[in-house]
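**Q** Structure below; questions to follow.
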Amino acid sequence: MANRFDVRRQNGFVSVAMLCFFLLYLPIATLVVYAFNDNDSVVIWKGFSLRWFHIAWNNALVIESSIRSFQIAAVAAVLATITATMAALATTRTKPYPGLTLKYAFINQPLMVPEIVTAVALLIVFSRIKIWTGYSGLGYLVAAHTAFCIPFAYLPIRARLESMDLSLETAAADLYATKWKTFRHVTLPLLWPGILAGLMLAFVVSLDDVVITEFVKSGGQDTLPTYMLGQLRRTVTPEVNAISTAFLVLSIGIVTAFFFISRKRT
Amino acid sequence: MATAREVAEKAERDDIRSRWLLSTPALLIVFLAALGPLLIVVVYSFLTPGNYGDVKWQFSTDPWVSVLFERDVFDDTLSFATAYLSIFWRSVSLSLATTLLTLILGFPTAYFIATRPDHRRDIWLFLITIPFWTNLLIRTFAMQQVLRNDGIVNSVLQLLGITDHPVQLMYTNFAVLAGMVYVFLPLMVLPLYASMEKIDFRLVEAGYDLYATRFQVLRRIIIPLVTPGIVAGSILVFIPSLGAYVTPRVLGGGTNLMIGNLIELQFGQGRNWPLGAALSITLMAIVMMALLFYVRNTTRSDGAHG
Amino acid sequence: MFSHSYHLMVRIKLVSRLPPVNDHAGEGNILTAIRPAVEAKGVTRIFRGTGQDSVRALDNVSVAIRENEFFTLLGPSGCGKTTLLRLIAGFDYPTDGEIQLYGQDIAPLPPFKRPVNTVFQSYALFPHMTVAENIGFGLKMLGKPKAEIEARVDAMLKLVHMQELKNRRTSQISGGQQQRVALARALAPQPKVLLLDEPLSALDYKLRKEMQIELKRLQHETGITFIFVTHDQEEALTMSDRIAVMSAGNILQVGTPWDVYDHPAERFVADFIGETNFLTGMVESAGNGQARIALRSGAKICATAAAGFRAGGNATLMVRPEHAKLVKGRGDLTGTIETIVYFGTDTHIHVRLDEGDVFMVRQQNSRSASCGFENGDKVGISIGDDAAQVLKD
């Protein structure tokens, strides 16, 4: 019996798609597998072992830079999300007003400029400020991360606001809610998924950053990615695989949790 | 008591004022830690390099001259700076190749996801986004392990008897290209998927009804419908490819530089900050041109629909 | 299409309990003595567009809406009816004029300070709250004690027959049920006036009919003034105590359904509400609310006419299709039958007049006989003394 004619089918597309998924996961799988290799080199498989995880765990530099990564990401993501939420409220659901386009351009600016250029610019400015003020703490990294996280936090929040039914707030005002009460009881609860998405995006993007951090950091301020970048210069041991694997599991954990939470909500 | 008109006008003024107040923190942070410094980069590109990095406050157009030209040490004549030009050329051509390859791989993948039943689509989409969420450095590092002389690619090649000694893949243009395709693929698939999801398949049915073959349907109906997605995806891949720094550094070694690495060199070993600044502005100019192309293209396609 | 015409006619006559009033000449009428709940006085709303073009959505509109009445703003889209409603609710401010609520100008007040509630076209139910939370929202915002809110919510749920769905999310109930929740929510704070912005337009035909009756019941039980916006003339005729017919930012006529259907003030009103035949002719004599019109065909017809028509002037006549009769042989008009359309309750017969226009006649059907005419028949149309009216253009 002849198969039903499927209008959606295109010859070879499924194979390419499968190849694509295979290629996407092959390197990651390799990386993870060799993290469990009981050998000093990444090359030859000698047997299953958790030894590199132990070594990484006991490496003070790894732990220290991991903690620093999370500290920066947490502070930057929260700051970026709060300011981006405010900015999103200020730039959506209005007829055009003077300065609106300028605000869009400003907020999305970090997305448009190659990271390396921003990194260089920050290096120039912050190195001056370091000399003038003598302060060389984590503030610079937090400021830089917050700035490039803002557009990532802003986009989902804005999208959520724009898809929100304006008549809901009108209805609240009609039902005796003042501006603030309308925000608290209607706008904010409805915006919450967008804010959460923005926060998560900002957090992951901050954790992900290598280039800007590499240029802005002062001595002894390695984050996990810059520490790893330094490690890649020498012969890599499976310790890097182990760190990477842990990092991978964590990011995927965050994303998966978010995926299922958002699926349940909608 | 104020009239309704006065109240309305005051409400409008208040609204705009509170909108400015609300957006101030974000604007301020972006200005201080992203946009402002960029302006200073422009200033730096017209200064003289200091002896140990940084700059001397002395106006000079030399940095800009040396972006394009080389000054001969002996007779002071200018000739094209072939070293820099070749790096620019490599960056642009590798980025174009990356864009093209991600499109070739990404188009069928996005189409595949978009044509799954609703409940399974989410899962496929999720599979595409997972690598996207994992650290770029880690993904590049993973690619390094695949491409090394004793990596999985060479093992397979030798196992199949195609070659009897390892092929040098690492530290070549190929490695950089493979790495960038790998790293930026999700950026192509997502916008493509977004526009394919909206395809009205009744149009495709109409195409078949009017005697189109599968290929003709693809070419005459599907591709025109998803052009905005193709353009968006291409821009999303092209721009970060052009500014790539980590991937060429890890996979290209010291010899297969791209603009990003060249800029970094000026701030590191090169100790020529003004030249680095001038190169950064050049890179940004290329990116802006690409964005401009994108904006013009999208507004035109919007006009065609409306 | 005006297909359920006969039933509608009957219902109009039943529903419009008030005697016909001509508001334009309504000085000293007993009904104007009832104090208005809402009164718009010279209200103008201009929307400034880009550049030079601005839209005059409302142009010096004045209207008084009585306490406890079911008042409908009827008109095509863009006529300004929703703008007027939004001005009363406080979602928008008039460019000029006053909106009075029991004699007090409320135009400068924000919506949350007006004892007026709205049922939105999209219902605008809060998706993150349950049915009960939605209904209690207004009272909560007013700072009422919890016990009072709960009692009132229960009463409201009972009023709209929704007790079982109290704790459902609004996304888990049907469109008709959402409609009821929206009504209950707007009624819960016991507003002085309830505004309804095309609330039935999203419902299917049968549910719409049900809700029309339900709305009449609610208005009757609560005694609250309802201001209802719709573009559906059938809905307006069946539900309203009085109707304001609007067009292009103006109110053309205010009156009972019977008024606006049978005594339209202008050609637009006659055309917008129901189906109408228009004839042109010359006024032969006028006076005493009557006029004698000489039609182009030469026939002479008696028609009701407002003051202001003088002999010798041109006139537009309107004749409702159900008020004309088809006769074999000569009538007031003659023509040839072009099409006969069967509608179940009645039959529409389109006659091409000898002068060239098409005239429609509606005939009640009976079970036993056909309409008695066929395509191509030469027929006459007889128009009774009471059937025609002279209209302002």
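So you can find residues: chains in the structure tokens are A, B, ... in the order shown, residues in each start at 1, and ligands are numbered from 1 in order.
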Write out as a ChimeraX atom specification the set of residues from segment 117-301 of chain C that DSSP, computed on the backbone, places in strand (DSSP E).

**A** /C:117-119,193-197,225-230,242-247,250-255,277-287,290-295,300-301

**Q** Write out, as CSV, each residue of chain B that has an atom at most 7 Å from chain A, together with the closest pair of atoms and their distance in Å to one decimal, counting only C-alpha atoms, rows going by chain and rising number.

**A**
residue,atom,partner,partner_atom,distance
B:Arg19,CA,A:Ala90,CA,4.4
B:Trp20,CA,A:Ala90,CA,7.0
B:Leu22,CA,A:Met86,CA,5.1
B:Ser23,CA,A:Ala87,CA,4.1
B:Pro25,CA,A:Thr83,CA,5.9
B:Ala26,CA,A:Thr83,CA,5.1
B:Leu27,CA,A:Phe106,CA,6.5
B:Ile29,CA,A:Ala147,CA,5.7
B:Val30,CA,A:Ala147,CA,5.0
B:Ala33,CA,A:Ala144,CA,5.4
B:Ala34,CA,A:Thr118,CA,6.3
B:Pro37,CA,A:Ala121,CA,5.0
B:Leu38,CA,A:Ala121,CA,5.4
B:Val41,CA,A:Ala121,CA,5.7
B:Leu105,CA,A:Cys20,CA,6.4
B:Pro108,CA,A:Phe13,CA,4.8
B:Thr109,CA,A:Ala17,CA,4.1
B:Phe112,CA,A:Val14,CA,6.2
B:Thr115,CA,A:Arg8,CA,6.5
B:Ile130,CA,A:Ile252,CA,6.5
B:Trp133,CA,A:Ser251,CA,6.7
B:Thr134,CA,A:Leu248,CA,6.0
B:Asn135,CA,A:Asp208,CA,4.9
B:Leu136,CA,A:Asp208,CA,6.6
B:Leu137,CA,A:Pro225,CA,6.9
B:Ile138,CA,A:Ser244,CA,6.1
B:Arg139,CA,A:Ile28,CA,6.8
B:Ala142,CA,A:Pro27,CA,5.0
B:Met143,CA,A:Pro27,CA,5.5
B:Val146,CA,A:Pro27,CA,6.0
B:Asp150,CA,A:Val43,CA,6.5
B:Tyr182,CA,A:Leu24,CA,6.7
B:Val204,CA,A:Val7,CA,6.7
B:Glu205,CA,A:Val7,CA,6.3
B:Arg214,CA,A:Gln10,CA,6.5
B:Pro240,CA,A:Pro114,CA,6.3
B:Gly243,CA,A:Pro114,CA,5.1
B:Tyr245,CA,A:Ile116,CA,6.9
B:Gly260,CA,A:Ile116,CA,6.0
B:Ser280,CA,A:Val117,CA,5.5
B:Met284,CA,A:Val113,CA,6.5

**Q** Find the residues in chain C near chain B: any atom within 7 Å counts, using only C-alpha atoms. Write them as an mmCIF file with C-alpha atoms, in the first residue's frame.

**A**
data_model
loop_
_atom_site.group_PDB
_atom_site.id
_atom_site.type_symbol
_atom_site.label_atom_id
_atom_site.label_comp_id
_atom_site.auth_asym_id
_atom_site.auth_seq_id
_atom_site.Cartn_x
_atom_site.Cartn_y
_atom_site.Cartn_z
ATOM 1 C CA TYR C 93 -10.146 62.104 28.952
ATOM 2 C CA PRO C 94 -12.340 64.382 26.827
ATOM 3 C CA THR C 95 -10.662 67.117 24.851
ATOM 4 C CA ALA C 107 -14.204 63.753 33.602
ATOM 5 C CA PRO C 108 -10.981 64.654 35.464
#

**Q** Which of these, A:Tyr176, A:Trp132, A:Phe53, A:Phe152, has the shortest distance to chain C once you count only C-alpha atoms?

**A** A:Tyr176

**Q** Excluding segment 49-61 of chain B and any residue of its chain fewer than 2 positions from it, enumerate the residues within 12 Å of it, using only C-alpha atoms, and give them as a PyMOL selection string.

**A** (chain A and resi 120+123-128+131) or (chain B and resi 41-47+63-69+265-278)

**Q** Give me a file of those residues, with N, CA and C atoms, as a short mmCIF file (atom, residue, chain, number, x, y, z; two decimals), in the first residue's frame.

**A**
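Output contents, as saved in selection_25.cif:
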data_model
loop_
_atom_site.label_atom_id
_atom_site.label_comp_id
_atom_site.auth_asym_id
_atom_site.auth_seq_id
_atom_site.Cartn_x
_atom_site.Cartn_y
_atom_site.Cartn_z
N VAL A 120 38.07 45.34 25.32
CA VAL A 120 39.19 46.26 25.16
C VAL A 120 38.81 47.63 25.73
N LEU A 123 38.90 47.51 29.41
CA LEU A 123 40.28 47.44 29.87
C LEU A 123 40.88 48.85 29.95
N ILE A 124 40.66 49.61 28.87
CA ILE A 124 41.20 50.96 28.81
C ILE A 124 40.66 51.82 29.95
N VAL A 125 39.32 51.80 30.11
CA VAL A 125 38.69 52.70 31.08
C VAL A 125 38.98 52.24 32.50
N PHE A 126 38.81 50.94 32.76
CA PHE A 126 38.96 50.47 34.13
C PHE A 126 40.41 50.55 34.61
N SER A 127 41.36 50.37 33.69
CA SER A 127 42.75 50.45 34.14
C SER A 127 43.07 51.88 34.60
N ARG A 128 42.48 52.86 33.91
CA ARG A 128 42.62 54.26 34.36
C ARG A 128 42.01 54.43 35.75
N ILE A 131 43.94 53.12 38.57
CA ILE A 131 45.08 53.96 38.95
C ILE A 131 44.59 55.16 39.77
N VAL B 41 37.49 54.46 23.42
CA VAL B 41 38.31 53.70 22.46
C VAL B 41 38.57 54.55 21.22
N VAL B 42 37.55 55.28 20.78
CA VAL B 42 37.73 56.14 19.62
C VAL B 42 38.81 57.16 19.90
N VAL B 43 38.76 57.76 21.08
CA VAL B 43 39.78 58.74 21.45
C VAL B 43 41.17 58.09 21.43
N TYR B 44 41.26 56.90 22.02
CA TYR B 44 42.57 56.23 22.13
C TYR B 44 43.16 55.91 20.75
N SER B 45 42.28 55.72 19.77
CA SER B 45 42.80 55.33 18.46
C SER B 45 43.52 56.49 17.78
N PHE B 46 43.47 57.67 18.40
CA PHE B 46 44.20 58.81 17.84
C PHE B 46 45.35 59.26 18.75
N LEU B 47 45.85 58.34 19.58
CA LEU B 47 46.94 58.70 20.48
C LEU B 47 48.20 57.92 20.13
N PRO B 63 48.04 55.18 14.27
CA PRO B 63 47.32 53.93 14.45
C PRO B 63 46.42 53.62 13.26
N TRP B 64 45.75 54.64 12.75
CA TRP B 64 44.83 54.40 11.64
C TRP B 64 45.57 54.10 10.35
N VAL B 65 46.72 54.78 10.19
CA VAL B 65 47.52 54.49 9.01
C VAL B 65 47.97 53.04 9.05
N SER B 66 48.39 52.59 10.26
CA SER B 66 48.94 51.23 10.30
C SER B 66 47.88 50.14 10.25
N VAL B 67 46.59 50.52 10.35
CA VAL B 67 45.57 49.49 10.14
C VAL B 67 45.67 48.97 8.70
N LEU B 68 45.97 49.89 7.79
CA LEU B 68 46.02 49.51 6.38
C LEU B 68 47.43 49.41 5.80
N PHE B 69 48.32 50.25 6.32
CA PHE B 69 49.63 50.34 5.66
C PHE B 69 50.78 49.98 6.59
N LEU B 265 46.35 41.03 20.81
CA LEU B 265 47.81 41.11 20.74
C LEU B 265 48.31 42.52 21.01
N GLN B 266 47.58 43.52 20.48
CA GLN B 266 48.03 44.90 20.64
C GLN B 266 47.96 45.34 22.09
N PHE B 267 47.06 44.72 22.85
CA PHE B 267 46.94 45.10 24.25
C PHE B 267 47.82 44.22 25.13
N GLY B 268 48.30 43.11 24.59
CA GLY B 268 49.18 42.23 25.33
C GLY B 268 50.62 42.46 24.90
N GLN B 269 51.12 41.49 24.17
CA GLN B 269 52.53 41.54 23.77
C GLN B 269 52.86 42.75 22.92
N GLY B 270 51.94 43.12 22.02
CA GLY B 270 52.22 44.21 21.08
C GLY B 270 52.43 45.55 21.77
N ARG B 271 51.76 45.74 22.91
CA ARG B 271 51.84 46.99 23.64
C ARG B 271 51.58 48.19 22.74
N ASN B 272 50.63 48.06 21.85
CA ASN B 272 50.27 49.19 21.01
C ASN B 272 48.76 49.43 21.15
N TRP B 273 48.39 50.07 22.25
CA TRP B 273 46.97 50.26 22.54
C TRP B 273 46.26 51.08 21.46
N PRO B 274 46.87 52.18 21.00
CA PRO B 274 46.16 52.95 19.96
C PRO B 274 45.85 52.12 18.72
N LEU B 275 46.78 51.28 18.29
CA LEU B 275 46.51 50.44 17.13
C LEU B 275 45.38 49.47 17.45
N GLY B 276 45.43 48.90 18.65
CA GLY B 276 44.36 47.99 19.09
C GLY B 276 43.01 48.70 19.05
N ALA B 277 43.02 49.97 19.50
CA ALA B 277 41.78 50.75 19.51
C ALA B 277 41.29 50.95 18.08
N ALA B 278 42.22 51.32 17.19
CA ALA B 278 41.83 51.56 15.80
C ALA B 278 41.29 50.27 15.17
#

**Q** Find the nearest atom pair between each residue of chain A and chain C for residues within 10 Å, count only C-alpha atoms, give distances in Å to one decimal, sort rows by chain and ascending number, and present the table as JSON lines.

**A**
{"residue": "A:Asp165", "atom": "CA", "partner": "C:Ala124", "partner_atom": "CA", "distance": 7.6}
{"residue": "A:Leu166", "atom": "CA", "partner": "C:Ala124", "partner_atom": "CA", "distance": 8.6}
{"residue": "A:Ser167", "atom": "CA", "partner": "C:Ala124", "partner_atom": "CA", "distance": 5.7}
{"residue": "A:Leu168", "atom": "CA", "partner": "C:Ala124", "partner_atom": "CA", "distance": 5.0}
{"residue": "A:Glu169", "atom": "CA", "partner": "C:Ala124", "partner_atom": "CA", "distance": 8.5}
{"residue": "A:Thr170", "atom": "CA", "partner": "C:Phe91", "partner_atom": "CA", "distance": 7.2}
{"residue": "A:Ala171", "atom": "CA", "partner": "C:Ala124", "partner_atom": "CA", "distance": 6.5}
{"residue": "A:Ala172", "atom": "CA", "partner": "C:Gly138", "partner_atom": "CA", "distance": 7.6}
{"residue": "A:Ala173", "atom": "CA", "partner": "C:Phe112", "partner_atom": "CA", "distance": 5.0}
{"residue": "A:Asp174", "atom": "CA", "partner": "C:Pro111", "partner_atom": "CA", "distance": 5.2}
{"residue": "A:Leu175", "atom": "CA", "partner": "C:Gly138", "partner_atom": "CA", "distance": 4.4}
{"residue": "A:Tyr176", "atom": "CA", "partner": "C:Phe112", "partner_atom": "CA", "distance": 3.8}
{"residue": "A:Ala177", "atom": "CA", "partner": "C:Met141", "partner_atom": "CA", "distance": 5.4}
{"residue": "A:Thr178", "atom": "CA", "partner": "C:Phe112", "partner_atom": "CA", "distance": 6.3}
{"residue": "A:Lys179", "atom": "CA", "partner": "C:Phe112", "partner_atom": "CA", "distance": 9.0}
{"residue": "A:Lys181", "atom": "CA", "partner": "C:Met141", "partner_atom": "CA", "distance": 7.7}
{"residue": "A:Thr182", "atom": "CA", "partner": "C:Met141", "partner_atom": "CA", "distance": 9.2}
{"residue": "A:His185", "atom": "CA", "partner": "C:Phe137", "partner_atom": "CA", "distance": 9.3}
{"residue": "A:Val186", "atom": "CA", "partner": "C:Phe126", "partner_atom": "CA", "distance": 7.3}
{"residue": "A:Thr187", "atom": "CA", "partner": "C:Phe126", "partner_atom": "CA", "distance": 10.0}
{"residue": "A:Pro189", "atom": "CA", "partner": "C:His128", "partner_atom": "CA", "distance": 7.3}
{"residue": "A:Leu190", "atom": "CA", "partner": "C:His128", "partner_atom": "CA", "distance": 6.9}

**Q** Save out the residues we just selected, N, CA and C atoms, as a short mmCIF file (atom, residue, chain, number, x, y, z; two decimals), in the first residue's frame.

**A**
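File result04.cif, as written:
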data_model
loop_
_atom_site.label_atom_id
_atom_site.label_comp_id
_atom_site.auth_asym_id
_atom_site.auth_seq_id
_atom_site.Cartn_x
_atom_site.Cartn_y
_atom_site.Cartn_z
N ASP A 165 -2.01 41.44 27.90
CA ASP A 165 -3.22 42.13 27.50
C ASP A 165 -3.35 43.44 28.29
N LEU A 166 -3.27 44.56 27.58
CA LEU A 166 -3.34 45.86 28.25
C LEU A 166 -4.65 46.04 29.00
N SER A 167 -5.71 45.39 28.52
CA SER A 167 -7.01 45.61 29.15
C SER A 167 -7.05 45.05 30.57
N LEU A 168 -6.09 44.15 30.90
CA LEU A 168 -6.06 43.63 32.27
C LEU A 168 -5.77 44.74 33.26
N GLU A 169 -4.82 45.59 32.91
CA GLU A 169 -4.50 46.71 33.82
C GLU A 169 -5.61 47.75 33.81
N THR A 170 -6.20 47.94 32.63
CA THR A 170 -7.35 48.85 32.56
C THR A 170 -8.45 48.34 33.48
N ALA A 171 -8.67 47.01 33.42
CA ALA A 171 -9.71 46.41 34.25
C ALA A 171 -9.40 46.62 35.73
N ALA A 172 -8.13 46.48 36.11
CA ALA A 172 -7.75 46.67 37.51
C ALA A 172 -8.04 48.11 37.94
N ALA A 173 -7.68 49.06 37.07
CA ALA A 173 -7.94 50.47 37.40
C ALA A 173 -9.43 50.70 37.52
N ASP A 174 -10.20 50.04 36.66
CA ASP A 174 -11.65 50.16 36.70
C ASP A 174 -12.20 49.61 38.02
N LEU A 175 -11.49 48.60 38.55
CA LEU A 175 -11.93 47.97 39.79
C LEU A 175 -11.21 48.57 41.00
N TYR A 176 -10.97 49.87 40.93
CA TYR A 176 -10.51 50.66 42.07
C TYR A 176 -9.08 50.41 42.50
N ALA A 177 -8.25 49.81 41.64
CA ALA A 177 -6.84 49.63 42.00
C ALA A 177 -6.07 50.87 41.56
N THR A 178 -5.30 51.45 42.48
CA THR A 178 -4.46 52.59 42.12
C THR A 178 -3.31 52.07 41.26
N LYS A 179 -2.48 52.99 40.77
CA LYS A 179 -1.38 52.59 39.89
C LYS A 179 -0.49 51.55 40.55
N LYS A 181 -1.15 49.60 43.17
CA LYS A 181 -1.85 48.33 43.43
C LYS A 181 -2.01 47.54 42.13
N THR A 182 -2.27 48.22 41.04
CA THR A 182 -2.37 47.54 39.75
C THR A 182 -1.06 46.84 39.43
N HIS A 185 -0.64 43.81 42.05
CA HIS A 185 -1.58 42.69 42.00
C HIS A 185 -1.79 42.12 40.60
N VAL A 186 -1.52 42.90 39.58
CA VAL A 186 -1.79 42.41 38.22
C VAL A 186 -0.51 42.35 37.37
N THR A 187 0.15 43.49 37.19
CA THR A 187 1.29 43.51 36.28
C THR A 187 2.41 42.58 36.73
N PRO A 189 2.59 39.97 38.97
CA PRO A 189 2.37 38.51 38.90
C PRO A 189 2.36 37.98 37.47
N LEU A 190 1.83 38.76 36.54
CA LEU A 190 1.78 38.29 35.16
C LEU A 190 3.13 38.38 34.49
#

**Q** Which residues in segment 152-272 of chain B does DSSP call alpha helix (DSSP H)? List them as a ChimeraX atom specification.

**A** /B:152-159,173-196,201-209,214-217,223-225,227-242,246-251,259-267

**Q** Smallest atom-to-atom distance to Leu185 of chain B: which of B:Pro166, B:Gly36, B:Pro248, B:Gly106, using only C-alpha atoms?

**A**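 Checking each of B:Pro166, B:Gly36, B:Pro248, B:Gly106 against Leu185 of chain B, counting only C-alpha atoms, the winner is B:Gly106.
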
**Q** Find the distance between atom CA of Pro186 of chain B and atom CA of Val226 of chain B and write it in Å to one decimal.

**A**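 Atom CA of Pro186 of chain B sits 16.7 Å away from atom CA of Val226 of chain B.
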
**Q** What does the distance between atom CA of Ile235 of chain B and atom CA of Met188 of chain B come to in Å, to one decimal place?

**A**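 Between these atoms lies a distance of 8.8 Å.
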
**Q** What's the 10 Å shell around Leu138 of chain A, counting only C-alpha atoms, without same-chain residues fewer than 3 positions away, as a list in words?

**A**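 Within the cut-off, the hits are Arg68, Gln71, Ile72, Tyr135, Leu141, Val142, Ala143, Val216, Lys217, Ser218 and Gln221 of chain A.
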
**Q** I need the chosen residues saved as a short mmCIF file (atom, residue, chain, number, x, y, z; two decimals), in the first residue's frame, with C-alpha atoms.

**A**
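Below is the file that was written, selection_19.cif:
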data_model
loop_
_atom_site.label_atom_id
_atom_site.label_comp_id
_atom_site.auth_asym_id
_atom_site.auth_seq_id
_atom_site.Cartn_x
_atom_site.Cartn_y
_atom_site.Cartn_z
CA ARG A 68 33.91 33.89 42.33
CA GLN A 71 29.19 35.46 43.15
CA ILE A 72 29.64 37.68 40.12
CA TYR A 135 40.32 50.26 44.07
CA LEU A 141 33.73 42.69 36.95
CA VAL A 142 30.28 43.07 38.47
CA ALA A 143 29.71 46.34 36.62
CA VAL A 216 38.80 43.32 33.05
CA LYS A 217 39.98 41.07 35.88
CA SER A 218 42.81 42.12 38.12
CA GLN A 221 40.40 37.45 40.12
#

**Q** Name the closest residue to Ala60 of chain A among the candidates A:Ser136, A:Gly194, A:Ile157, A:Tyr227; distances are taken between atoms, counting only C-alpha atoms.

**A**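 Looking at the shortest contact to Ala60 of chain A, the residue is A:Tyr227.
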
**Q** Neighbouring residues of segment 272-274 of chain C were defined as those with any atom within 12 Å, considering only C-alpha atoms; residues of the same chain fewer than 6 positions away were excluded. Please report them as a PyMOL selection string.

**A** chain C and resi 1-6+8-9+74-76+231-237+243-247+252-253+257-266+318-322

**Q** Please provide as a ChimeraX atom specification all residues within 8 Å of Asp59 of chain C, with the sequence filter that same-chain residues fewer than 4 positions apart are discarded (counting only C-alpha atoms).

**A** /C:42-45,249-250

**Q** Between atom CA of Ser262 of chain A and atom CA of Phe184 of chain B, measure the distance and give it in Å to one decimal.

**A**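 Rounded to one decimal, the two atoms are 25.0 Å apart.
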
**Q** If you count only C-alpha atoms, which residues fall within 10 Å of Asp40 of chain A, apart from same-chain ones fewer than 5 positions away, as an MDAnalysis selection string?

**A** chainID A and resid 45:46 52 236:239

**Q** What would the file look like if the residues just selected were written as an mmCIF file, in the first residue's frame with C-alpha atoms?

**A**
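part-v5.cif written:
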data_model
loop_
_atom_site.group_PDB
_atom_site.id
_atom_site.type_symbol
_atom_site.label_atom_id
_atom_site.label_comp_id
_atom_site.auth_asym_id
_atom_site.auth_seq_id
_atom_site.Cartn_x
_atom_site.Cartn_y
_atom_site.Cartn_z
ATOM 1 C CA TRP A 45 41.297 5.370 27.772
ATOM 2 C CA LYS A 46 42.488 3.363 30.732
ATOM 3 C CA TRP A 52 39.913 13.711 38.280
ATOM 4 C CA VAL A 236 45.513 19.430 29.451
ATOM 5 C CA THR A 237 44.810 16.713 31.940
ATOM 6 C CA PRO A 238 41.376 15.143 32.371
ATOM 7 C CA GLU A 239 40.981 17.524 35.292
#
